[in-house]
$ cat final14.cif   # mmCIF, C-alpha atoms and all ligand atoms
data_run
#
loop_
_atom_site.label_atom_id
_atom_site.label_comp_id
_atom_site.auth_asym_id
_atom_site.auth_seq_id
_atom_site.Cartn_x
_atom_site.Cartn_y
_atom_site.Cartn_z
CA MET S 246 -70.08 -140.96 -4.65
CA PHE S 247 -67.54 -138.42 -5.82
CA SER S 248 -67.39 -136.22 -8.81
CA PHE S 249 -63.91 -136.34 -10.26
CA LEU S 250 -62.97 -133.30 -12.24
CA ARG S 251 -60.01 -132.94 -14.53
CA LYS S 252 -58.73 -136.38 -13.60
CA LYS S 253 -55.03 -137.00 -13.88
CA VAL S 254 -53.84 -139.64 -16.31
CA PRO S 255 -52.79 -142.63 -14.21
CA ASP S 256 -49.19 -143.77 -14.21
CA SER S 257 -49.99 -147.40 -14.83
CA ALA S 258 -53.35 -148.95 -14.12
CA PRO S 259 -56.40 -147.44 -15.77
CA GLN S 260 -58.60 -145.44 -13.46
CA GLN S 261 -61.70 -147.16 -12.37
CA GLY S 262 -64.88 -145.51 -13.55
CA ALA S 263 -63.17 -142.54 -15.12
CA ALA S 264 -63.38 -141.64 -18.75
CA PRO S 265 -60.02 -141.62 -20.53
CA ALA S 266 -58.45 -138.19 -20.61
CA PRO S 267 -58.92 -136.54 -23.99
CA PRO S 268 -55.84 -135.91 -26.12
CA GLY S 269 -54.23 -132.60 -25.45
CA GLY S 270 -54.99 -132.19 -21.80
CA ALA S 271 -57.65 -132.01 -19.16
CA ALA S 272 -61.25 -132.97 -19.60
CA PRO S 273 -63.76 -130.16 -19.16
CA PRO S 274 -65.58 -130.30 -15.84
CA SER S 275 -68.80 -131.39 -17.54
CA THR S 276 -67.28 -134.78 -18.35
CA SER S 277 -66.71 -135.58 -14.71
CA ALA S 278 -67.21 -139.18 -13.81
CA VAL S 279 -69.38 -139.95 -10.83
CA LEU S 280 -68.48 -143.07 -8.92
CA GLY S 281 -70.93 -144.89 -6.74
CA THR S 282 -70.96 -148.47 -7.82
CA THR S 283 -71.90 -150.10 -4.53
CA PRO S 284 -75.43 -151.45 -4.55
CA ARG S 285 -77.69 -148.91 -2.92
CA LEU S 286 -80.65 -151.10 -2.10
CA GLY S 287 -79.22 -152.65 1.05
CA TRP S 288 -78.32 -149.38 2.62
CA ILE S 289 -81.63 -147.72 1.76
CA GLU S 290 -83.26 -150.52 3.72
CA ARG S 291 -80.93 -149.67 6.60
CA LEU S 292 -81.87 -146.00 6.36
CA ARG S 293 -85.53 -146.88 6.15
CA SER S 294 -85.40 -149.14 9.16
CA GLY S 295 -83.42 -146.50 11.08
CA LEU S 296 -86.07 -143.92 10.31
CA ARG S 297 -88.98 -146.34 10.55
CA ARG S 298 -90.38 -144.94 13.76
CA THR S 299 -90.55 -141.48 12.26
CA GLY S 300 -92.00 -142.87 9.07
CA SER S 301 -94.71 -144.82 10.79
CA SER S 302 -95.76 -141.91 12.97
CA ILE S 303 -96.02 -139.63 9.94
CA THR S 304 -97.72 -142.30 7.84
CA GLN S 305 -100.30 -142.88 10.57
CA VAL S 306 -101.48 -139.32 10.09
CA PHE S 307 -102.64 -140.27 6.63
CA SER S 308 -104.51 -143.37 7.68
CA GLY S 309 -107.84 -141.50 7.86
CA ALA S 310 -109.52 -140.53 4.63
CA ARG S 311 -110.29 -136.88 5.22
CA VAL S 312 -108.18 -133.88 4.31
CA ASP S 313 -109.08 -131.34 6.99
CA ASP S 314 -107.57 -129.15 9.71
CA ALA S 315 -107.26 -132.13 12.03
CA LEU S 316 -105.00 -133.85 9.50
CA TYR S 317 -102.75 -130.80 9.26
CA ASP S 318 -102.64 -130.51 13.06
CA GLU S 319 -101.58 -134.12 13.41
CA LEU S 320 -99.04 -133.70 10.68
CA GLU S 321 -97.60 -130.68 12.43
CA ALA S 322 -97.17 -132.69 15.62
CA ALA S 323 -95.60 -135.61 13.73
CA LEU S 324 -93.10 -133.37 11.94
CA LEU S 325 -92.14 -131.67 15.19
CA MET S 326 -91.65 -135.06 16.81
CA ALA S 327 -89.46 -136.07 13.88
CA ASP S 328 -87.10 -133.19 14.80
CA ALA S 329 -87.99 -131.02 11.82
CA GLY S 330 -88.23 -128.02 14.19
CA PRO S 331 -90.85 -125.25 14.11
CA GLY S 332 -89.50 -123.34 11.10
CA ALA S 333 -89.22 -126.24 8.69
CA THR S 334 -92.49 -127.71 9.94
CA ARG S 335 -94.32 -124.48 9.17
CA PHE S 336 -92.56 -124.19 5.81
CA LEU S 337 -93.48 -127.74 4.80
CA LEU S 338 -97.11 -127.38 5.92
CA ASP S 339 -97.58 -124.11 4.00
CA ASP S 340 -96.00 -125.63 0.92
CA LEU S 341 -98.12 -128.77 1.27
CA LYS S 342 -101.37 -126.85 1.65
CA GLN S 343 -100.59 -124.94 -1.51
CA ARG S 344 -99.86 -128.17 -3.40
CA VAL S 345 -103.11 -129.70 -2.13
CA ARG S 346 -105.09 -126.62 -3.22
CA GLN S 347 -103.45 -126.45 -6.63
CA GLY S 348 -103.96 -130.15 -7.27
CA GLY S 349 -107.51 -130.16 -5.93
CA VAL S 350 -106.54 -133.17 -3.85
CA ARG S 351 -109.19 -134.66 -1.55
CA ASP S 352 -107.64 -137.95 -0.62
CA ALA S 353 -105.27 -138.27 2.35
CA ALA S 354 -103.05 -140.83 0.59
CA ALA S 355 -102.48 -138.37 -2.24
CA VAL S 356 -101.55 -135.69 0.33
CA ARG S 357 -98.82 -138.00 1.59
CA VAL S 358 -97.34 -138.14 -1.91
CA LEU S 359 -97.43 -134.33 -2.09
CA LEU S 360 -95.65 -134.12 1.27
CA GLU S 361 -92.91 -136.35 -0.10
CA ASP S 362 -92.60 -133.99 -3.08
CA ALA S 363 -92.44 -130.94 -0.80
CA LEU S 364 -89.79 -132.54 1.40
CA ALA S 365 -87.69 -133.77 -1.53
CA GLU S 366 -87.80 -130.29 -3.06
CA LEU S 367 -86.74 -128.65 0.20
CA LEU S 368 -83.83 -131.10 0.57
CA ALA S 369 -82.75 -131.04 -3.09
CA PRO S 370 -80.26 -128.14 -2.86
CA LEU S 371 -78.29 -130.14 -0.27
CA GLU S 372 -77.67 -132.93 -2.78
CA ARG S 373 -74.30 -132.40 -4.43
CA PRO S 374 -71.33 -134.72 -5.06
CA LEU S 375 -68.01 -134.06 -3.40
CA GLU S 376 -65.72 -132.78 -6.12
CA ILE S 377 -62.20 -134.11 -6.29
CA GLY S 378 -59.65 -133.01 -8.85
CA ARG S 379 -60.63 -129.39 -9.45
CA VAL S 380 -57.24 -128.66 -7.88
CA ASP S 381 -54.19 -130.91 -7.75
CA CYS S 382 -54.50 -131.55 -4.04
CA THR S 383 -57.92 -131.22 -2.43
CA VAL S 384 -57.58 -130.34 1.25
CA MET S 385 -60.45 -131.03 3.63
CA MET S 386 -60.78 -130.37 7.30
CA VAL S 387 -63.28 -132.41 9.26
CA VAL S 388 -64.82 -130.99 12.43
CA GLY S 389 -67.57 -131.73 14.92
CA VAL S 390 -68.39 -132.61 18.50
CA ASN S 391 -66.93 -135.64 20.28
CA GLY S 392 -68.21 -138.99 19.14
CA ALA S 393 -70.07 -137.63 16.12
CA GLY S 394 -68.28 -140.09 13.84
CA LYS S 395 -65.52 -137.92 12.38
CA THR S 396 -62.71 -140.47 12.44
CA THR S 397 -64.97 -143.31 11.31
CA SER S 398 -66.33 -141.25 8.41
CA ILE S 399 -62.82 -140.19 7.38
CA GLY S 400 -61.78 -143.85 7.40
CA LYS S 401 -64.70 -144.80 5.18
CA LEU S 402 -64.09 -141.83 2.90
CA ALA S 403 -60.37 -142.61 2.60
CA CYS S 404 -61.21 -146.17 1.57
CA ARG S 405 -63.59 -145.01 -1.11
CA LEU S 406 -61.06 -142.53 -2.44
CA ALA S 407 -58.31 -145.14 -2.44
CA GLU S 408 -60.61 -147.52 -4.31
CA ALA S 409 -60.96 -144.81 -6.92
CA ARG S 410 -57.14 -144.72 -7.13
CA GLN S 411 -56.79 -141.43 -5.37
CA LYS S 412 -53.66 -140.88 -3.32
CA VAL S 413 -54.85 -139.97 0.15
CA LEU S 414 -53.02 -138.51 3.13
CA LEU S 415 -54.66 -138.22 6.53
CA ALA S 416 -53.57 -135.69 9.15
CA ALA S 417 -54.07 -136.97 12.69
CA ALA S 418 -54.87 -133.54 14.09
CA ASP S 419 -56.82 -134.94 17.04
CA THR S 420 -53.80 -134.72 19.29
CA PHE S 421 -55.87 -134.88 22.49
CA ARG S 422 -56.44 -138.59 22.40
CA ALA S 423 -53.62 -141.00 21.56
CA ALA S 424 -56.33 -143.48 20.61
CA ALA S 425 -57.51 -141.14 17.87
CA ARG S 426 -54.17 -141.40 16.11
CA GLU S 427 -54.25 -145.18 16.34
CA GLN S 428 -57.84 -145.30 15.16
CA LEU S 429 -56.88 -143.37 12.04
CA ALA S 430 -53.83 -145.56 11.45
CA ALA S 431 -56.03 -148.66 11.79
CA TRP S 432 -58.39 -147.35 9.13
CA ALA S 433 -55.45 -146.55 6.87
CA GLU S 434 -54.17 -150.10 7.34
CA ARG S 435 -57.56 -151.56 6.53
CA VAL S 436 -57.42 -149.77 3.19
CA GLY S 437 -54.10 -151.45 2.34
CA GLY S 438 -53.64 -154.34 -0.04
CA THR S 439 -55.83 -154.26 -3.08
CA ARG S 440 -57.37 -150.90 -2.31
CA GLY S 441 -54.26 -148.76 -2.67
CA THR S 442 -52.57 -146.75 0.02
CA VAL S 443 -53.56 -144.19 2.54
CA GLU S 444 -50.78 -142.46 4.45
CA VAL S 445 -51.09 -140.87 7.87
CA VAL S 446 -49.14 -137.90 9.21
CA SER S 447 -49.11 -137.76 13.01
CA GLN S 448 -47.02 -136.41 15.85
CA GLN S 449 -46.92 -137.63 19.39
CA GLY S 450 -48.58 -135.00 21.56
CA GLY S 451 -48.11 -132.43 18.82
CA ASP S 452 -49.98 -129.24 18.19
CA PRO S 453 -53.01 -129.81 15.90
CA ALA S 454 -52.15 -126.82 13.71
CA ALA S 455 -48.55 -127.99 13.30
CA VAL S 456 -49.59 -131.55 12.39
CA THR S 457 -52.07 -130.23 9.85
CA TYR S 458 -49.59 -127.80 8.32
CA ASP S 459 -47.01 -130.58 7.95
CA ALA S 460 -49.61 -132.85 6.38
CA VAL S 461 -50.73 -130.29 3.81
CA VAL S 462 -47.14 -129.46 2.86
CA ALA S 463 -46.27 -133.18 2.65
CA GLY S 464 -49.44 -133.99 0.71
CA ARG S 465 -48.67 -131.37 -1.92
CA ALA S 466 -45.02 -132.38 -2.13
CA ARG S 467 -45.89 -136.07 -2.50
CA GLY S 468 -48.47 -135.45 -5.18
CA CYS S 469 -51.43 -136.56 -3.08
CA ASP S 470 -54.88 -136.05 -4.56
CA VAL S 471 -56.57 -135.55 -1.21
CA VAL S 472 -55.47 -134.50 2.28
CA ILE S 473 -58.00 -134.92 5.09
CA ALA S 474 -57.42 -133.44 8.54
CA ASP S 475 -59.14 -135.26 11.41
CA THR S 476 -59.63 -132.79 14.25
CA ALA S 477 -60.47 -133.37 17.91
CA GLY S 478 -64.10 -133.17 18.93
CA ARG S 479 -65.29 -130.01 20.63
CA LEU S 480 -68.46 -128.16 21.53
CA PRO S 481 -69.01 -124.85 19.80
CA THR S 482 -69.42 -123.30 23.25
CA GLN S 483 -65.79 -124.13 24.10
CA LEU S 484 -64.50 -120.89 22.68
CA HIS S 485 -60.79 -121.54 23.14
CA LEU S 486 -61.17 -124.84 21.29
CA MET S 487 -63.03 -123.10 18.49
CA GLU S 488 -60.13 -120.64 18.29
CA GLU S 489 -57.79 -123.60 17.99
CA LEU S 490 -59.86 -124.85 15.05
CA LYS S 491 -59.64 -121.45 13.37
CA LYS S 492 -55.90 -121.65 13.79
CA VAL S 493 -55.85 -125.05 12.06
CA GLN S 494 -57.80 -123.47 9.22
CA ARG S 495 -55.39 -120.53 9.04
CA VAL S 496 -52.28 -122.72 8.82
CA ILE S 497 -53.90 -124.78 6.07
CA THR S 498 -54.33 -121.55 4.13
CA LYS S 499 -50.69 -120.71 4.81
CA ALA S 500 -49.62 -124.02 3.27
CA ASP S 501 -52.02 -123.56 0.33
CA PRO S 502 -53.72 -120.18 -0.18
CA GLN S 503 -56.78 -121.81 -1.81
CA ALA S 504 -57.25 -124.34 0.97
CA PRO S 505 -59.09 -125.75 2.82
CA HIS S 506 -61.24 -126.61 -0.18
CA GLU S 507 -63.78 -128.34 2.03
CA VAL S 508 -64.73 -127.75 5.65
CA LEU S 509 -66.90 -130.70 6.62
CA LEU S 510 -69.00 -130.92 9.75
CA VAL S 511 -69.86 -134.39 10.96
CA VAL S 512 -73.14 -134.48 12.86
CA ASP S 513 -74.69 -137.37 14.70
CA GLY S 514 -78.20 -137.84 13.30
CA ASN S 515 -79.45 -138.64 16.79
CA THR S 516 -78.80 -135.19 18.19
CA GLY S 517 -82.09 -133.78 16.90
CA GLN S 518 -82.47 -130.03 16.84
CA ASN S 519 -79.06 -129.69 18.46
CA ALA S 520 -77.58 -130.72 15.12
CA LEU S 521 -78.90 -127.47 13.65
CA ALA S 522 -77.28 -125.50 16.49
CA GLN S 523 -73.98 -127.25 15.69
CA VAL S 524 -74.29 -126.45 12.00
CA ARG S 525 -74.92 -122.78 12.73
CA ALA S 526 -72.08 -122.46 15.23
CA PHE S 527 -69.41 -124.30 13.24
CA ASP S 528 -70.45 -122.40 10.12
CA ALA S 529 -70.14 -119.07 11.91
CA ALA S 530 -66.63 -119.98 13.04
CA LEU S 531 -65.25 -121.69 9.95
CA GLY S 532 -67.61 -121.35 6.99
CA LEU S 533 -68.82 -124.88 6.26
CA THR S 534 -68.98 -126.35 2.79
CA GLY S 535 -70.63 -129.64 3.64
CA LEU S 536 -72.01 -132.10 6.13
CA ILE S 537 -71.74 -135.79 6.84
CA VAL S 538 -74.73 -137.01 8.85
CA THR S 539 -73.96 -140.21 10.75
CA LYS S 540 -75.78 -142.91 12.71
CA LEU S 541 -78.93 -142.79 10.63
CA ASP S 542 -79.11 -146.57 11.11
CA GLY S 543 -79.99 -146.17 14.78
CA THR S 544 -82.74 -144.27 16.51
CA ALA S 545 -82.27 -141.04 14.57
CA LYS S 546 -85.49 -139.35 13.55
CA GLY S 547 -84.03 -137.65 10.51
CA GLY S 548 -86.35 -134.64 10.39
CA VAL S 549 -83.52 -132.33 11.38
CA LEU S 550 -82.30 -132.44 7.79
CA ALA S 551 -85.41 -130.48 6.84
CA ALA S 552 -84.42 -127.84 9.39
CA VAL S 553 -80.85 -127.81 8.04
CA ALA S 554 -82.18 -127.48 4.48
CA LEU S 555 -84.33 -124.49 5.41
CA TRP S 556 -81.41 -122.87 7.21
CA ALA S 557 -79.12 -123.49 4.21
CA ARG S 558 -81.71 -121.91 1.94
CA GLU S 559 -81.87 -118.80 4.10
CA ARG S 560 -78.07 -118.68 4.25
CA ALA S 561 -77.86 -118.87 0.45
CA ALA S 562 -80.37 -116.03 0.12
CA ALA S 563 -78.58 -113.85 2.66
CA GLN S 564 -75.05 -114.59 1.43
CA PRO S 565 -75.27 -115.50 -2.27
CA SER S 566 -71.49 -115.35 -2.67
CA LEU S 567 -71.02 -118.34 -0.32
CA ARG S 568 -70.84 -121.83 -1.73
CA PRO S 569 -74.14 -123.50 -0.90
CA LEU S 570 -74.02 -126.06 1.87
CA ALA S 571 -74.09 -129.71 0.78
CA VAL S 572 -74.87 -132.97 2.54
CA TYR S 573 -72.15 -135.09 1.00
CA PHE S 574 -72.63 -138.36 2.84
CA LEU S 575 -74.82 -140.26 5.25
CA GLY S 576 -73.45 -142.78 7.73
CA VAL S 577 -75.65 -145.83 8.19
CA GLY S 578 -73.38 -148.16 10.16
CA GLU S 579 -69.87 -148.82 11.32
CA THR S 580 -68.38 -150.71 8.38
CA LEU S 581 -66.62 -149.46 5.28
CA GLU S 582 -69.68 -149.79 3.09
CA ASP S 583 -71.84 -147.75 5.41
CA LEU S 584 -71.05 -144.36 3.96
CA GLN S 585 -73.46 -143.38 1.23
CA THR S 586 -74.22 -140.36 -0.87
CA PHE S 587 -77.23 -138.28 0.00
CA SER S 588 -80.22 -138.32 -2.29
CA ALA S 589 -83.02 -135.88 -1.44
CA ARG S 590 -85.73 -138.09 -2.94
CA GLU S 591 -84.51 -141.28 -1.28
CA PHE S 592 -84.23 -139.54 2.05
CA ALA S 593 -87.75 -138.12 1.77
CA GLN S 594 -89.08 -141.58 0.92
CA ALA S 595 -87.24 -143.17 3.83
CA LEU S 596 -88.42 -140.47 6.24
CA LEU S 597 -92.05 -140.81 5.25
CA GLY S 598 -91.99 -144.59 5.63
N1 LIG S 601 -74.21 -147.07 14.07
C1 LIG S 601 -73.31 -146.19 13.62
N2 LIG S 601 -72.22 -145.92 14.37
C2 LIG S 601 -71.32 -145.02 13.90
C3 LIG S 601 -71.50 -144.36 12.66
N3 LIG S 601 -70.45 -143.52 12.49
C4 LIG S 601 -69.66 -143.66 13.57
N4 LIG S 601 -70.17 -144.56 14.44
C5 LIG S 601 -69.65 -144.98 15.75
O1 LIG S 601 -69.64 -143.86 16.63
C6 LIG S 601 -68.56 -143.95 17.53
C7 LIG S 601 -67.73 -142.66 17.52
O2 LIG S 601 -67.11 -142.56 16.26
P1 LIG S 601 -65.76 -141.76 16.02
O3 LIG S 601 -65.50 -141.82 14.56
O4 LIG S 601 -64.68 -142.22 16.92
O5 LIG S 601 -66.21 -140.30 16.44
P2 LIG S 601 -65.34 -138.96 16.53
O6 LIG S 601 -65.11 -138.67 17.96
O7 LIG S 601 -66.21 -137.90 15.92
O8 LIG S 601 -64.09 -139.17 15.74
C8 LIG S 601 -67.76 -145.18 17.12
O9 LIG S 601 -68.14 -146.24 17.95
C9 LIG S 601 -68.22 -145.43 15.70
O10 LIG S 601 -68.11 -146.78 15.33
C10 LIG S 601 -72.69 -144.67 11.89
O11 LIG S 601 -72.95 -144.14 10.80
N5 LIG S 601 -73.54 -145.59 12.42
MG MG S 602 -62.12 -138.98 16.28
#

$ encode --input "final14.cif" --output "structure tokens"
Amino acid sequence: MFSFLRKKVPDSAPQQGAAPAPPGGAAPPSTSAVLGTTPRLGWIERLRSGLRRTGSSITQVFSGARVDDALYDELEAALLMADAGPGATRFLLDDLKQRVRQGGVRDAAAVRVLLEDALAELLAPLERPLEIGRVDCTVMMVVGVNGAGKTTSIGKLACRLAEARQKVLLAAADTFRAAAREQLAAWAERVGGTRGTVEVVSQQGGDPAAVTYDAVVAGRARGCDVVIADTAGRLPTQLHLMEELKKVQRVITKADPQAPHEVLLVVDGNTGQNALAQVRAFDAALGLTGLIVTKLDGTAKGGVLAAVALWARERAAAQPSLRPLAVYFLGVGETLEDLQTFSAREFAQALLG
């Protein structure tokens, strides 16, 4: 789930899943321990059933035996209907045709396997664990439109971090809705007990930048491993609200010149091609490092991740100095366990039924 780098030696209890620190100081990054002990099978089923409609419409294309232009035409339509968008659809079809030619494949079922390979390869660069511990206090800001699942995902993430004995502080920077503050506090409470503690910094009716600044300063002073700022939802077209978000980012940098270490966009998997528009717009304003794609347990078609992957690839080619975009987590439900790491191969399998 996370990649822990240079883990601190715990005060008392041994750290779950982490290798003991070597004598004489920090472990080199290559010895990072990756946590992710929850059984994955159940949630893959959830992802599969969420994406089933897409899967069955793509799989149907391969029900005939012939590999001809009609098959590619149908496949094009199915990928477009799955929200892959014109660019990624064209990219995948070109890649697939080349694989079919090279392999001398004449059987439609074998073409389906090659499509899965092409899709998994396109998605692969998005697969990267969220790194915690490269710096003493990892600061993340979480952004997105209203209702995308920001607060829920932060709650799930905070629980997972607390389980891994990380000290977490949440900044309730969604100061528009009083309920948002309470929602975050409720998640923090849920973590309590055996799981460790998650603190929340909030202000009644405060300014989002001020709340975030206070939280980052407090998080560093209290020796927190992770500070996560939950921001209010907004559309990228609401320019004044995007300016407000830039201000939040600026004050974080004032509190810690290296921060924010992560700028995460939460996108609702049901928004189709609009998700790509959100990724572009929030990236242009803030410079995204990663995505959390939620609600893949519902009616989401999932193909938009292919479009995001193609866009990320073009972004990496045009701006090689930028950190490549990652899909850190997928949301497949409303409970704590329903936040899972992204695997390109698993996603391709689920998408193709
Ligand atoms: N089915 C499902 N519902 C989700 C998921 N993530 C969030 N939600 C629900 O989406 C709604 C909005 O979530 P919230 O976190 O408040 O969105 P925010 O406005 O971005 O903070 C809530 O009812 C959540 O329970 C998910 O992965 N699957
Ligand atoms: Mg919220």

$ residues_around --input "final14.cif" --residues "Arg479 (chain S)" --least-positions-apart "6" --cutoff "12 Å" --atoms "only C-alpha atoms" --output "list of chain:residue names"
S:Val387, S:Val388, S:Gly389, S:Val390, S:Asn391, S:Gly392, S:Ala393, S:Lys395, S:Asp419, S:Phe421, S:His485, S:Leu486, S:Met487, S:Glu488, S:Glu489, S:Leu490, S:Leu510, S:Val511, S:Val512, S:Gln523, S:Ala526, S:Phe527

$ closest_residue --input "final14.cif" --among "S:Glu361, S:Glu376, S:Glu321, S:Glu427" --to "ligand MG 602 (chain S)" --atoms "all atoms listed in the file"
S:Glu427

$ residues_near_point --input "final14.cif" --point "(-96.7, -142.3, 5.4)" --cutoff "10 Å" --atoms "all atoms listed in the file" --output "PDB file with C-alpha atoms, keeping the file's coordinate frame"
ATOM      1  CA  THR S 299     -90.550-141.480  12.260  1.00  0.00           C
ATOM      2  CA  GLY S 300     -92.000-142.870   9.070  1.00  0.00           C
ATOM      3  CA  SER S 301     -94.710-144.820  10.790  1.00  0.00           C
ATOM      4  CA  SER S 302     -95.760-141.910  12.970  1.00  0.00           C
ATOM      5  CA  ILE S 303     -96.020-139.630   9.940  1.00  0.00           C
ATOM      6  CA  THR S 304     -97.720-142.300   7.840  1.00  0.00           C
ATOM      7  CA  GLN S 305    -100.300-142.880  10.570  1.00  0.00           C
ATOM      8  CA  VAL S 306    -101.480-139.320  10.090  1.00  0.00           C
ATOM      9  CA  PHE S 307    -102.640-140.270   6.630  1.00  0.00           C
ATOM     10  CA  SER S 308    -104.510-143.370   7.680  1.00  0.00           C
ATOM     11  CA  ALA S 353    -105.270-138.270   2.350  1.00  0.00           C
ATOM     12  CA  ALA S 354    -103.050-140.830   0.590  1.00  0.00           C
ATOM     13  CA  VAL S 356    -101.550-135.690   0.330  1.00  0.00           C
ATOM     14  CA  ARG S 357     -98.820-138.000   1.590  1.00  0.00           C
ATOM     15  CA  VAL S 358     -97.340-138.140  -1.910  1.00  0.00           C
ATOM     16  CA  LEU S 360     -95.650-134.120   1.270  1.00  0.00           C
ATOM     17  CA  GLU S 361     -92.910-136.350  -0.100  1.00  0.00           C
ATOM     18  CA  GLN S 594     -89.080-141.580   0.920  1.00  0.00           C
ATOM     19  CA  ALA S 595     -87.240-143.170   3.830  1.00  0.00           C
ATOM     20  CA  LEU S 596     -88.420-140.470   6.240  1.00  0.00           C
ATOM     21  CA  LEU S 597     -92.050-140.810   5.250  1.00  0.00           C
ATOM     22  CA  GLY S 598     -91.990-144.590   5.630  1.00  0.00           C
TER      23      GLY S 598
END

$ residues_near_ligand --input "final14.cif" --ligand "ligand LIG 601 (chain S)" --cutoff "6 Å" --atoms "all atoms listed in the file" --output "JSON list (two decimals) with C-alpha atoms, in the coordinates of the input"
[["chain", "number", "residue", "atom", "x", "y", "z"],
["S", 391, "ASN", "CA", -66.93, -135.64, 20.28],
["S", 392, "GLY", "CA", -68.21, -138.99, 19.14],
["S", 393, "ALA", "CA", -70.07, -137.63, 16.12],
["S", 394, "GLY", "CA", -68.28, -140.09, 13.84],
["S", 395, "LYS", "CA", -65.52, -137.92, 12.38],
["S", 396, "THR", "CA", -62.71, -140.47, 12.44],
["S", 397, "THR", "CA", -64.97, -143.31, 11.31],
["S", 478, "GLY", "CA", -64.10, -133.17, 18.93],
["S", 539, "THR", "CA", -73.96, -140.21, 10.75],
["S", 540, "LYS", "CA", -75.78, -142.91, 12.71],
["S", 542, "ASP", "CA", -79.11, -146.57, 11.11],
["S", 543, "GLY", "CA", -79.99, -146.17, 14.78],
["S", 576, "GLY", "CA", -73.45, -142.78, 7.73],
["S", 577, "VAL", "CA", -75.65, -145.83, 8.19],
["S", 578, "GLY", "CA", -73.38, -148.16, 10.16],
["S", 579, "GLU", "CA", -69.87, -148.82, 11.32]]

$ atom_distance --input "final14.cif" --atom1 "CA of Leu359 (chain S)" --atom2 "CA of Val345 (chain S)"
7.3 Å

$ atom_distance --input "final14.cif" --atom1 "CA of Thr580 (chain S)" --atom2 "CA of Ser398 (chain S)"
9.7 Å
